[in-house]
>>> print(open('data.txt').read())   # compact mmCIF, C-alpha atoms
# COMPACT_ATOMS: atom_id res chain seq x y z
CA MET A 1 0.00 0.00 0.00
CA THR A 2 1.43 3.39 -1.03
CA ALA A 3 2.02 5.85 1.80
CA PRO A 4 0.09 9.15 1.43
CA THR A 5 2.04 12.12 0.14
CA PRO A 6 3.12 14.43 3.01
CA VAL A 7 0.83 17.44 3.30
CA ARG A 8 3.71 19.90 2.95
CA ALA A 9 4.66 18.32 -0.38
CA GLU A 10 1.05 18.65 -1.55
CA LEU A 11 1.19 22.39 -0.85
CA PHE A 12 4.74 23.29 -1.83
CA GLY A 13 5.69 20.66 -4.39
CA PRO A 14 6.84 21.89 -7.83
CA ASP A 15 3.30 21.72 -9.28
CA ARG A 16 1.61 23.81 -6.58
CA ARG A 17 4.27 25.98 -4.97
CA SER A 18 3.50 29.15 -6.93
CA THR A 19 -0.26 28.58 -6.56
CA THR A 20 -0.02 28.24 -2.78
CA VAL A 21 2.21 31.31 -2.41
CA GLY A 22 -0.06 33.29 -4.74
CA LEU A 23 -3.20 32.38 -2.79
CA VAL A 24 -1.62 33.34 0.54
CA LEU A 25 -0.37 36.61 -0.95
CA LEU A 26 -3.80 37.47 -2.36
CA ILE A 27 -5.51 36.85 0.98
CA SER A 28 -2.78 38.81 2.78
CA LEU A 29 -3.35 41.79 0.49
CA VAL A 30 -7.07 41.85 1.24
CA ALA A 31 -6.24 41.52 4.95
CA PHE A 32 -3.67 44.34 4.94
CA GLU A 33 -6.13 46.60 3.17
CA ALA A 34 -8.91 45.71 5.61
CA MET A 35 -6.73 46.26 8.69
CA GLY A 36 -5.04 49.40 7.38
CA VAL A 37 -7.98 51.39 6.05
CA GLY A 38 -9.67 51.69 9.43
CA THR A 39 -6.50 53.23 10.88
CA ALA A 40 -6.08 55.67 8.00
CA MET A 41 -9.76 56.62 7.72
CA PRO A 42 -9.79 59.57 10.20
CA ALA A 43 -6.93 61.27 8.34
CA LEU A 44 -8.46 60.37 4.97
CA VAL A 45 -11.86 61.84 5.83
CA ALA A 46 -10.31 64.96 7.37
CA ASP A 47 -8.22 65.47 4.22
CA LEU A 48 -11.21 65.12 1.90
CA GLY A 49 -13.30 67.36 4.15
CA ALA A 50 -16.32 65.10 4.58
CA VAL A 51 -16.53 64.01 8.22
CA SER A 52 -20.27 63.49 7.85
CA MET A 53 -19.54 60.75 5.30
CA TYR A 54 -17.20 58.78 7.58
CA ALA A 55 -19.23 55.57 7.30
CA TRP A 56 -19.66 55.61 3.52
CA PRO A 57 -16.27 54.16 2.46
CA PHE A 58 -17.03 51.12 4.63
CA VAL A 59 -20.62 50.87 3.39
CA ALA A 60 -19.51 51.09 -0.27
CA PHE A 61 -17.01 48.28 0.23
CA MET A 62 -19.59 46.10 2.00
CA ALA A 63 -22.25 46.56 -0.69
CA ALA A 64 -19.86 45.80 -3.54
CA SER A 65 -18.39 42.83 -1.68
CA VAL A 66 -21.82 41.19 -1.30
CA PHE A 67 -22.58 41.72 -4.99
CA GLY A 68 -19.13 40.49 -6.05
CA THR A 69 -19.47 37.41 -3.86
CA VAL A 70 -22.68 36.28 -5.55
CA LEU A 71 -21.56 37.09 -9.09
CA GLY A 72 -18.18 35.44 -8.52
CA GLY A 73 -19.85 32.26 -7.29
CA ARG A 74 -22.23 32.16 -10.25
CA TRP A 75 -19.39 32.70 -12.72
CA CYS A 76 -17.26 29.97 -11.14
CA ASP A 77 -20.09 27.44 -11.37
CA ARG A 78 -20.93 28.28 -14.99
CA ALA A 79 -17.46 28.79 -16.51
CA GLY A 80 -14.87 27.82 -13.89
CA PRO A 81 -12.70 30.04 -11.67
CA ARG A 82 -10.19 31.14 -14.32
CA VAL A 83 -11.73 34.53 -15.08
CA PRO A 84 -12.72 35.45 -11.47
CA LEU A 85 -9.25 34.60 -10.15
CA VAL A 86 -7.66 36.99 -12.64
CA VAL A 87 -10.34 39.67 -12.92
CA ALA A 88 -11.04 39.88 -9.15
CA PRO A 89 -7.48 40.86 -8.10
CA VAL A 90 -7.27 43.21 -11.11
CA LEU A 91 -10.48 44.93 -9.92
CA PHE A 92 -9.08 45.04 -6.38
CA GLY A 93 -5.84 46.58 -7.67
CA LEU A 94 -7.76 49.08 -9.81
CA GLY A 95 -9.71 50.04 -6.69
CA LEU A 96 -6.45 50.59 -4.82
CA LEU A 97 -5.23 52.89 -7.61
CA VAL A 98 -8.49 54.86 -7.77
CA ALA A 99 -8.71 55.22 -3.97
CA GLY A 100 -5.00 55.94 -3.63
CA THR A 101 -5.18 58.84 -6.10
CA ALA A 102 -8.50 60.19 -4.82
CA ALA A 103 -8.79 63.93 -4.33
CA THR A 104 -12.54 63.85 -3.63
CA MET A 105 -14.88 61.64 -1.65
CA PRO A 106 -16.80 60.44 -4.76
CA GLN A 107 -13.55 59.15 -6.31
CA LEU A 108 -12.66 57.39 -3.06
CA LEU A 109 -16.08 55.70 -3.01
CA VAL A 110 -15.60 54.51 -6.60
CA GLY A 111 -12.28 52.99 -5.55
CA ARG A 112 -13.90 51.28 -2.59
CA LEU A 113 -16.59 49.83 -4.88
CA PHE A 114 -13.93 48.28 -7.11
CA GLN A 115 -12.10 46.92 -4.07
CA GLY A 116 -15.28 45.38 -2.69
CA LEU A 117 -16.20 43.75 -6.00
CA GLY A 118 -12.72 42.29 -6.29
CA ALA A 119 -12.53 41.09 -2.69
CA GLY A 120 -15.97 39.44 -2.85
CA ALA A 121 -15.33 37.56 -6.08
CA LEU A 122 -11.81 36.66 -5.00
CA GLY A 123 -13.01 34.94 -1.83
CA VAL A 124 -15.25 32.61 -3.83
CA GLY A 125 -12.64 32.01 -6.54
CA VAL A 126 -10.09 30.93 -3.93
CA TYR A 127 -12.48 28.28 -2.55
CA VAL A 128 -13.21 26.90 -6.01
CA LEU A 129 -9.51 26.80 -6.90
CA ILE A 130 -8.74 24.91 -3.68
CA ALA A 131 -11.47 22.39 -4.52
CA LEU A 132 -10.01 21.83 -7.99
CA VAL A 133 -6.27 21.87 -7.29
CA TYR A 134 -5.67 20.42 -3.82
CA PRO A 135 -6.53 16.85 -2.70
CA GLY A 136 -8.80 16.40 0.31
CA ARG A 137 -5.99 15.59 2.76
CA ALA A 138 -4.20 18.83 1.92
CA ARG A 139 -7.19 21.13 2.29
CA PRO A 140 -7.07 21.54 6.10
CA ALA A 141 -3.47 22.74 5.73
CA VAL A 142 -4.47 25.13 2.93
CA PHE A 143 -7.18 26.65 5.10
CA GLY A 144 -4.67 26.87 7.95
CA LEU A 145 -2.36 28.88 5.68
CA ILE A 146 -5.22 31.14 4.63
CA SER A 147 -6.00 31.80 8.30
CA SER A 148 -2.35 32.56 8.98
CA ALA A 149 -2.41 35.05 6.10
CA TRP A 150 -4.50 37.31 8.38
CA VAL A 151 -2.06 37.20 11.30
CA LEU A 152 0.69 39.51 10.08
CA PRO A 153 -1.81 42.08 8.75
CA SER A 154 -3.66 41.95 12.09
CA LEU A 155 -0.44 42.55 14.03
CA ILE A 156 1.34 45.13 11.89
CA GLY A 157 -1.36 46.46 9.54
CA PRO A 158 -2.75 49.16 11.88
CA PRO A 159 0.64 50.46 13.14
CA VAL A 160 2.20 50.41 9.66
CA SER A 161 -0.84 52.19 8.25
CA GLY A 162 -0.58 54.78 11.01
CA VAL A 163 3.14 55.39 10.37
CA VAL A 164 2.64 55.62 6.59
CA THR A 165 -0.30 58.01 7.02
CA GLU A 166 1.60 60.29 9.39
CA ALA A 167 5.02 60.15 7.68
CA VAL A 168 3.95 60.20 4.02
CA SER A 169 0.22 60.22 3.22
CA TRP A 170 -2.88 58.07 3.58
CA HIS A 171 -2.76 57.66 -0.22
CA TRP A 172 0.12 55.19 0.16
CA VAL A 173 -1.93 52.91 2.39
CA PHE A 174 -3.67 52.00 -0.88
CA LEU A 175 -0.95 52.59 -3.47
CA GLY A 176 1.72 50.65 -1.58
CA LEU A 177 -0.19 47.38 -2.11
CA VAL A 178 -0.51 47.64 -5.90
CA PRO A 179 2.86 46.00 -6.78
CA PHE A 180 1.97 43.02 -4.60
CA VAL A 181 -1.32 42.58 -6.47
CA VAL A 182 0.66 42.31 -9.72
CA LEU A 183 2.98 39.70 -8.17
CA ALA A 184 0.09 37.65 -6.77
CA VAL A 185 -1.69 37.57 -10.14
CA ALA A 186 1.53 36.47 -11.84
CA LEU A 187 1.84 33.55 -9.41
CA VAL A 188 -1.76 32.38 -9.72
CA VAL A 189 -2.25 32.73 -13.50
CA PRO A 190 -0.21 29.62 -14.45
CA ALA A 191 -2.39 27.46 -12.20
CA VAL A 192 -5.73 28.81 -13.40
CA ARG A 193 -4.66 28.59 -17.05
CA ARG A 194 -4.63 24.79 -16.74
CA LEU A 195 -8.18 24.61 -15.38
CA GLY A 196 -10.97 23.59 -17.72
CA PRO A 197 -14.59 24.74 -17.54
CA PRO A 198 -17.12 22.62 -15.62
CA ASP A 199 -19.38 20.11 -17.34
CA PRO A 200 -21.91 22.36 -19.16
CA GLU A 201 -24.81 19.95 -18.65
CA ARG A 202 -24.23 19.64 -14.91
CA ALA A 203 -23.67 23.39 -14.61
CA ALA A 204 -26.95 24.04 -16.44
CA ALA A 205 -28.74 21.73 -14.01
CA GLN A 206 -27.56 24.00 -11.18
CA ALA A 207 -29.06 27.14 -12.76
CA ARG A 208 -30.58 29.50 -10.20
CA PRO A 209 -32.77 32.23 -11.73
CA GLY A 210 -33.02 35.61 -10.06
CA LEU A 211 -29.54 35.59 -8.48
CA VAL A 212 -28.46 38.96 -9.89
CA PRO A 213 -31.43 41.03 -8.61
CA ALA A 214 -31.30 39.13 -5.32
CA ALA A 215 -27.60 39.93 -5.05
CA ALA A 216 -28.30 43.61 -5.70
CA ALA A 217 -31.04 43.67 -3.06
CA ALA A 218 -28.81 41.89 -0.55
CA ALA A 219 -25.94 44.30 -1.26
CA VAL A 220 -28.16 47.30 -0.53
CA GLY A 221 -29.72 45.57 2.49
CA VAL A 222 -26.43 44.51 4.12
CA SER A 223 -24.84 47.90 3.52
CA GLY A 224 -27.96 49.56 4.93
CA LEU A 225 -27.66 47.50 8.10
CA SER A 226 -23.95 48.38 8.33
CA TRP A 227 -24.72 52.09 7.99
CA ALA A 228 -27.65 51.98 10.40
CA ALA A 229 -25.45 50.31 13.03
CA GLN A 230 -23.46 53.55 13.21
CA GLN A 231 -26.48 55.83 13.53
CA GLU A 232 -28.79 56.75 16.36
CA GLY A 233 -32.47 57.64 16.51
CA ALA A 234 -35.17 57.49 13.88
CA ALA A 235 -32.85 57.56 10.85
CA GLY A 236 -31.05 54.39 11.90
CA ALA A 237 -34.33 52.63 12.70
CA ALA A 238 -35.88 53.59 9.36
CA VAL A 239 -32.85 52.39 7.38
CA THR A 240 -32.81 49.13 9.35
CA ALA A 241 -36.47 48.50 8.52
CA GLY A 242 -35.88 49.25 4.83
CA ALA A 243 -32.83 46.98 4.74
CA LEU A 244 -34.78 44.10 6.26
CA LEU A 245 -37.58 44.57 3.69
CA LEU A 246 -34.98 44.05 0.97
CA LEU A 247 -33.19 41.16 2.66
CA VAL A 248 -36.19 39.00 3.60
CA PRO A 249 -37.14 38.08 -0.01
CA ALA A 250 -33.57 38.20 -1.37
CA VAL A 251 -31.66 36.02 1.08
CA PRO A 252 -33.52 32.71 0.41
CA ARG A 253 -32.44 32.91 -3.26
CA LEU A 254 -28.80 33.32 -2.25
CA LEU A 255 -28.64 30.39 0.17
CA PRO A 256 -29.02 26.62 -0.34
CA ARG A 257 -32.38 25.01 0.35
CA GLY A 258 -32.68 23.82 3.93
CA VAL A 259 -30.59 26.56 5.55
CA PHE A 260 -33.45 27.90 7.67
CA ARG A 261 -34.14 24.45 9.11
CA SER A 262 -30.44 23.52 9.34
CA GLY A 263 -30.68 20.61 6.94
CA ARG A 264 -27.86 18.08 7.10
CA GLY A 265 -24.69 18.74 5.13
CA VAL A 266 -24.14 21.99 3.24
CA PRO A 267 -27.12 23.91 4.74
CA THR A 268 -25.78 23.41 8.29
CA VAL A 269 -22.24 24.21 7.15
CA VAL A 270 -23.50 27.55 5.80
CA VAL A 271 -25.38 28.22 9.05
CA ALA A 272 -22.23 27.40 11.03
CA ARG A 273 -20.18 29.88 9.01
CA GLY A 274 -22.71 32.62 9.76
CA LEU A 275 -22.85 31.81 13.48
CA LEU A 276 -19.06 31.66 13.87
CA ALA A 277 -18.54 34.98 12.11
CA GLY A 278 -21.47 36.71 13.76
CA VAL A 279 -20.29 35.84 17.27
CA PHE A 280 -16.57 36.45 16.86
CA PHE A 281 -16.54 39.58 14.75
CA THR A 282 -19.29 41.26 16.75
CA VAL A 283 -17.38 40.84 20.01
CA ASN A 284 -14.23 41.95 18.18
CA SER A 285 -16.03 45.15 17.18
CA TYR A 286 -17.19 45.98 20.70
CA LEU A 287 -14.25 44.75 22.81
CA PRO A 288 -12.31 48.04 22.54
CA LEU A 289 -15.44 49.89 23.70
CA MET A 290 -15.77 47.56 26.70
CA LEU A 291 -12.19 48.17 27.77
CA ASN A 292 -11.86 51.84 26.86
CA GLY A 293 -15.36 53.14 27.54
CA THR A 294 -16.13 51.11 30.67
CA HIS A 295 -12.73 50.44 32.24
CA GLY A 296 -10.66 53.38 31.01
CA TRP A 297 -7.98 51.42 29.15
CA THR A 298 -6.11 53.32 26.46
CA LEU A 299 -7.06 52.50 22.87
CA ALA A 300 -3.67 50.86 22.35
CA ALA A 301 -4.16 48.60 25.38
CA ALA A 302 -7.77 47.89 24.39
CA GLY A 303 -6.49 46.45 21.11
CA LEU A 304 -4.36 43.79 22.83
CA PRO A 305 -7.16 41.20 23.16
CA LEU A 306 -7.76 41.50 19.41
CA ILE A 307 -4.13 40.61 18.76
CA VAL A 308 -4.27 37.71 21.23
CA GLY A 309 -7.46 36.42 19.57
CA SER A 310 -5.82 36.60 16.15
CA LEU A 311 -2.82 34.62 17.40
CA GLY A 312 -5.10 32.00 18.94
CA TRP A 313 -6.98 31.69 15.64
CA SER A 314 -3.85 31.21 13.53
CA SER A 315 -2.26 28.77 16.01
CA ALA A 316 -5.34 26.54 16.11
CA ALA A 317 -5.75 26.71 12.32
CA ALA A 318 -2.13 25.63 11.86
CA TRP A 319 -2.58 22.80 14.39
CA GLN A 320 -5.64 21.36 12.65
CA GLY A 321 -3.91 21.68 9.28
CA ARG A 322 -1.27 19.17 10.38
CA ARG A 323 -3.97 16.64 11.32
CA PRO A 324 -5.96 15.98 8.12
CA ASP A 325 -7.58 12.80 9.44
CA LEU A 326 -9.43 14.34 12.39
CA PRO A 327 -13.25 14.40 12.01
CA ARG A 328 -14.11 17.96 10.99
CA ALA A 329 -17.64 17.95 12.41
CA ARG A 330 -16.19 17.10 15.82
CA LEU A 331 -13.59 19.88 15.46
CA LEU A 332 -16.41 22.24 14.51
CA ARG A 333 -18.29 21.41 17.71
CA ILE A 334 -15.13 21.87 19.80
CA GLY A 335 -14.56 25.19 18.02
CA PHE A 336 -18.06 26.41 18.89
CA CYS A 337 -17.59 25.35 22.53
CA ALA A 338 -14.28 27.24 22.76
CA LEU A 339 -15.77 30.29 21.05
CA GLY A 340 -18.83 30.18 23.31
CA THR A 341 -16.70 29.88 26.44
CA GLY A 342 -14.47 32.76 25.35
CA THR A 343 -17.51 34.89 24.58
CA ALA A 344 -19.17 34.00 27.90
CA GLY A 345 -16.00 35.23 29.58
CA MET A 346 -16.86 38.71 28.34
CA LEU A 347 -19.76 38.67 30.82
CA LEU A 348 -17.02 39.01 33.45
CA VAL A 349 -15.46 41.91 31.52
CA ALA A 350 -18.29 44.04 30.10
CA PRO A 351 -20.06 45.20 33.31
CA ALA A 352 -18.74 48.11 35.35
CA TRP A 353 -17.74 45.65 38.11
CA GLY A 354 -15.98 43.38 35.61
CA LEU A 355 -12.30 42.38 35.53
CA PRO A 356 -10.93 43.79 32.28
CA TRP A 357 -7.71 41.71 32.23
CA LEU A 358 -9.84 38.57 31.77
CA ALA A 359 -10.45 39.72 28.18
CA LEU A 360 -6.95 38.50 27.27
CA PRO A 361 -7.22 34.79 28.17
CA PHE A 362 -10.87 34.49 27.24
CA TRP A 363 -10.42 36.08 23.83
CA ALA A 364 -7.38 33.91 23.15
CA LEU A 365 -9.67 30.91 23.78
CA ALA A 366 -12.28 32.37 21.43
CA GLY A 367 -9.57 32.73 18.78
CA VAL A 368 -8.67 29.06 19.19
CA GLY A 369 -12.34 28.22 18.65
CA MET A 370 -12.35 30.21 15.41
CA GLY A 371 -9.16 28.55 14.21
CA LEU A 372 -10.74 25.12 14.66
CA GLY A 373 -14.29 26.03 13.60
CA PHE A 374 -13.65 28.26 10.60
CA SER A 375 -11.15 25.86 9.02
CA SER A 376 -13.54 22.95 9.61
CA VAL A 377 -16.42 24.82 7.97
CA SER A 378 -14.24 25.55 4.93
CA PHE A 379 -13.18 21.90 4.63
CA LEU A 380 -16.73 20.55 5.06
CA LEU A 381 -18.11 23.02 2.53
CA LEU A 382 -15.84 21.66 -0.20
CA GLN A 383 -16.24 18.04 0.90
CA LYS A 384 -20.06 18.20 0.74
CA SER A 385 -20.39 20.26 -2.47
CA GLU A 386 -20.69 18.86 -5.97
CA PRO A 387 -18.05 20.38 -8.29
CA GLU A 388 -20.56 22.49 -10.21
CA ALA A 389 -22.03 23.93 -6.96
CA VAL A 390 -18.82 24.92 -5.12
CA GLY A 391 -19.10 28.54 -6.28
CA PHE A 392 -22.72 28.91 -5.16
CA HIS A 393 -22.12 27.24 -1.81
CA SER A 394 -18.96 29.29 -1.17
CA SER A 395 -20.78 32.53 -1.97
CA ALA A 396 -23.68 31.43 0.27
CA ALA A 397 -21.28 30.87 3.16
CA GLN A 398 -19.76 34.33 2.70
CA ILE A 399 -23.23 35.92 2.49
CA ALA A 400 -24.20 34.17 5.74
CA ASP A 401 -20.98 35.49 7.28
CA GLN A 402 -21.59 39.08 6.14
CA LEU A 403 -25.30 39.12 6.96
CA THR A 404 -25.05 37.64 10.46
CA THR A 405 -22.16 39.94 11.37
CA ALA A 406 -24.06 43.01 10.11
CA LEU A 407 -27.19 41.98 12.02
CA MET A 408 -25.35 41.38 15.29
CA ILE A 409 -23.30 44.58 15.07
CA GLY A 410 -26.55 46.39 14.30
CA LEU A 411 -28.14 44.80 17.36
CA GLY A 412 -25.25 46.09 19.45
CA GLY A 413 -25.77 49.59 18.11
CA ALA A 414 -29.49 49.39 18.88
CA LEU A 415 -28.82 48.22 22.45
CA LEU A 416 -26.34 51.06 22.98
CA ALA A 417 -28.90 53.57 21.70
CA LEU A 418 -31.60 52.09 23.96
CA LEU A 419 -29.60 51.42 27.14
CA VAL A 420 -26.97 54.17 26.60
CA ALA A 421 -24.23 52.89 28.93
CA PRO A 422 -21.86 50.27 27.40
CA ALA A 423 -21.60 48.61 30.82
CA VAL A 424 -25.35 47.89 30.62
CA ALA A 425 -25.88 47.32 26.88
CA LEU A 426 -22.89 45.13 26.04
CA PRO A 427 -23.58 42.35 28.60
CA VAL A 428 -27.01 41.93 26.97
CA LEU A 429 -25.37 41.67 23.54
CA VAL A 430 -22.80 39.17 24.83
CA ALA A 431 -25.54 36.99 26.32
CA VAL A 432 -27.26 36.82 22.91
CA LEU A 433 -23.96 35.88 21.25
CA VAL A 434 -23.30 33.13 23.80
CA GLY A 435 -26.68 31.69 22.86
CA LEU A 436 -25.71 31.72 19.16
CA ALA A 437 -22.46 29.90 19.92
CA ALA A 438 -24.37 27.29 21.94
CA LEU A 439 -26.77 26.83 19.02
CA GLY A 440 -23.79 26.26 16.73
CA ALA A 441 -22.40 23.58 19.06
CA VAL A 442 -25.76 21.79 19.05
CA LEU A 443 -26.05 21.92 15.24
CA ALA A 444 -22.43 21.00 14.47
CA GLY A 445 -23.16 17.29 14.20
CA ARG A 446 -25.58 17.94 11.33
CA ALA A 447 -22.69 19.24 9.23
CA ALA A 448 -21.33 15.71 8.88
>>> encode(input="data.txt", output="structure tokens")
Amino acid sequence: MTAPTPVRAELFGPDRRSTTVGLVLLISLVAFEAMGVGTAMPALVADLGAVSMYAWPFVAFMAASVFGTVLGGRWCDRAGPRVPLVVAPVLFGLGLLVAGTAATMPQLLVGRLFQGLGAGALGVGVYVLIALVYPGRARPAVFGLISSAWVLPSLIGPPVSGVVTEAVSWHWVFLGLVPFVVLAVALVVPAVRRLGPPDPERAAAQARPGLVPAAAAAAVGVSGLSWAAQQEGAAGAAVTAGALLLLVPAVPRLLPRGVFRSGRGVPTVVVARGLLAGVFFTVNSYLPLMLNGTHGWTLAAAGLPLIVGSLGWSSAAAWQGRRPDLPRARLLRIGFCALGTGTAGMLLVAPAWGLPWLALPFWALAGVGMGLGFSSVSFLLLQKSEPEAVGFHSSAAQIADQLTTALMIGLGGALLALLVAPAVALPVLVAVLVGLAALGAVLAGRAA
């Protein structure tokens, strides 16, 4: 009996070395941009003289990302990932150029739209490429590498962005990434050139009418929720109601059948992706407010738990990547339990009487849960999907991720508007998120 090829050789052998490096570089670029823009945004908005439009660069990116995610998935299923994996980074790079040379807010928003379209389509294209190029045993390690691609940007992205903005200009936060986009495309193109299109008959059988208008409605709805989360009073409530009116009919078209009853296999995997992201990224968004607004920590110190969580995520993702034979549904359940425990620990941090230093160990544990859970979801999604449906299922998982996160962050904003004090509002939010993590742990077995 022939011994299985070592996982490292599957990733970095002569046939896949440039593909693996290119994928990691592409994900790192999106991560650096995501981590750096938030740091540069105050200077950017002050320079363009539009403080009242502070939220719009984020909203524009979110709307375009949702639309790009759906279109990228549809294109991959109908014609293969060759075009999305080349066009998506080109669009992202064009967005960097447009935003980096912006002298007005409208030009910046156009750049952010291009970046969002590219980032959304790229995320789906990467999943489809992994399904086509890497054998099953190597996929946990690939997803571990993709998780690790966020670590360095999480650690150095904000400080580097701050130094570049202060020493040179915020323009170079965007422009400095363009050469790396060119390099990443050059590494990935040889791999995608060898890929053939999917079976046209099987692809036609997967046709899903109405995806484009549903994608447009979802893009407007998710961006509306994101904007409303940053507003107070009647305006935020009205936009939230309008966004939900768009999302309710659109979302079922963008997700696999059975999602709302957590059907076995792909539907539960998609639900799990949404629950993991909604819990983790919502706490991530409000942790600095807990520590700074309630306990008086400096903003620099309040960012430490985010770094610890990122390190826990990458460490756990790397660990599971070296163990391809472990049952992924079991790892998913363990991941939800760790995430739920770490989130429950915030109930000892968020109140005025809380112990703020507990945020460090508890959020490290939550990061470990994400490293195990997120990688398992990615593996199970590809394992359970037919080749001609990988694009649709990958885009559905990303939509679930974006939608649940926007809803939960919006809920946090509503609680803060209603209860005013973070020490009162955030424990209520955390309790809801603990319930979502517990639900994920219960459902995890249905992903198998």
>>> closest_atom_pairs(input="data.txt", of="region 22-103 of chain A", to="region 140-162 of chain A", cutoff="8 Å", atoms="only C-alpha atoms", output="JSON lines")
{"residue": "A:Leu23", "atom": "CA", "partner": "A:Ile146", "partner_atom": "CA", "distance": 7.8}
{"residue": "A:Val24", "atom": "CA", "partner": "A:Ala149", "partner_atom": "CA", "distance": 5.9}
{"residue": "A:Leu25", "atom": "CA", "partner": "A:Ala149", "partner_atom": "CA", "distance": 7.5}
{"residue": "A:Ile27", "atom": "CA", "partner": "A:Ala149", "partner_atom": "CA", "distance": 6.3}
{"residue": "A:Ser28", "atom": "CA", "partner": "A:Ala149", "partner_atom": "CA", "distance": 5.0}
{"residue": "A:Ala31", "atom": "CA", "partner": "A:Trp150", "partner_atom": "CA", "distance": 5.7}
{"residue": "A:Phe32", "atom": "CA", "partner": "A:Pro153", "partner_atom": "CA", "distance": 4.8}
{"residue": "A:Glu33", "atom": "CA", "partner": "A:Gly157", "partner_atom": "CA", "distance": 8.0}
{"residue": "A:Met35", "atom": "CA", "partner": "A:Gly157", "partner_atom": "CA", "distance": 5.4}
{"residue": "A:Gly36", "atom": "CA", "partner": "A:Pro158", "partner_atom": "CA", "distance": 5.1}
{"residue": "A:Val37", "atom": "CA", "partner": "A:Ser161", "partner_atom": "CA", "distance": 7.5}
{"residue": "A:Gly38", "atom": "CA", "partner": "A:Pro158", "partner_atom": "CA", "distance": 7.8}
{"residue": "A:Thr39", "atom": "CA", "partner": "A:Pro158", "partner_atom": "CA", "distance": 5.6}
{"residue": "A:Ala40", "atom": "CA", "partner": "A:Ser161", "partner_atom": "CA", "distance": 6.3}
>>> atom_distance(input="data.txt", atom1="CA of Val248 (chain A)", atom2="CA of Leu381 (chain A)")
24.2 Å
>>> residues_around(input="data.txt", residues="region 118-134 of chain A", least_positions_apart="4", cutoff="7 Å", atoms="only C-alpha atoms", output="tab-separated table (two decimals) with C-alpha atoms, keeping the file's coordinate frame")
chain	number	residue	atom	x	y	z
A	30	VAL	CA	-7.07	41.85	1.24
A	65	SER	CA	-18.39	42.83	-1.68
A	66	VAL	CA	-21.82	41.19	-1.30
A	68	GLY	CA	-19.13	40.49	-6.05
A	69	THR	CA	-19.47	37.41	-3.86
A	71	LEU	CA	-21.56	37.09	-9.09
A	72	GLY	CA	-18.18	35.44	-8.52
A	73	GLY	CA	-19.85	32.26	-7.29
A	76	CYS	CA	-17.26	29.97	-11.14
A	81	PRO	CA	-12.70	30.04	-11.67
A	84	PRO	CA	-12.72	35.45	-11.47
A	85	LEU	CA	-9.25	34.60	-10.15
A	88	ALA	CA	-11.04	39.88	-9.15
A	89	PRO	CA	-7.48	40.86	-8.10
A	91	LEU	CA	-10.48	44.93	-9.92
A	92	PHE	CA	-9.08	45.04	-6.38
A	114	PHE	CA	-13.93	48.28	-7.11
A	138	ALA	CA	-4.20	18.83	1.92
A	139	ARG	CA	-7.19	21.13	2.29
A	382	LEU	CA	-15.84	21.66	-0.20
A	390	VAL	CA	-18.82	24.92	-5.12
A	391	GLY	CA	-19.10	28.54	-6.28
A	394	SER	CA	-18.96	29.29	-1.17
A	395	SER	CA	-20.78	32.53	-1.97
>>> atom_distance(input="data.txt", atom1="CA of Met62 (chain A)", atom2="CA of Ser223 (chain A)")
5.8 Å
>>> closest_residue(input="data.txt", among="A:Leu355, A:Met41, A:Val377, A:Ala46", to="Pro327 (chain A)", atoms="only C-alpha atoms")
A:Val377
>>> closest_residue(input="data.txt", among="A:Pro351, A:Pro288, A:Gly80, A:Pro249", to="Phe392 (chain A)", atoms="only C-alpha atoms")
A:Gly80
>>> decode(input="data.txt", residues="region 183-189 of chain A", atoms="N, CA, C and O atoms", output="short mmCIF file (atom, residue, chain, number, x, y, z; two decimals), in the first residue's frame")
data_model
loop_
_atom_site.label_atom_id
_atom_site.label_comp_id
_atom_site.auth_asym_id
_atom_site.auth_seq_id
_atom_site.Cartn_x
_atom_site.Cartn_y
_atom_site.Cartn_z
N LEU A 183 2.21 40.92 -8.45
CA LEU A 183 2.98 39.70 -8.17
C LEU A 183 2.05 38.53 -7.89
O LEU A 183 2.27 37.42 -8.41
N ALA A 184 1.01 38.73 -7.11
CA ALA A 184 0.09 37.65 -6.77
C ALA A 184 -0.61 37.11 -8.02
O ALA A 184 -0.75 35.90 -8.20
N VAL A 185 -1.05 38.00 -8.90
CA VAL A 185 -1.69 37.57 -10.14
C VAL A 185 -0.72 36.75 -10.98
O VAL A 185 -1.08 35.71 -11.55
N ALA A 186 0.53 37.20 -11.06
CA ALA A 186 1.53 36.47 -11.84
C ALA A 186 1.76 35.07 -11.30
O ALA A 186 2.02 34.13 -12.07
N LEU A 187 1.64 34.88 -10.00
CA LEU A 187 1.84 33.55 -9.41
C LEU A 187 0.65 32.64 -9.63
O LEU A 187 0.81 31.42 -9.80
N VAL A 188 -0.55 33.20 -9.63
CA VAL A 188 -1.76 32.38 -9.72
C VAL A 188 -2.13 32.04 -11.15
O VAL A 188 -2.69 30.97 -11.43
N VAL A 189 -1.83 32.93 -12.10
CA VAL A 189 -2.25 32.73 -13.50
C VAL A 189 -1.83 31.38 -14.08
O VAL A 189 -2.63 30.70 -14.73
#
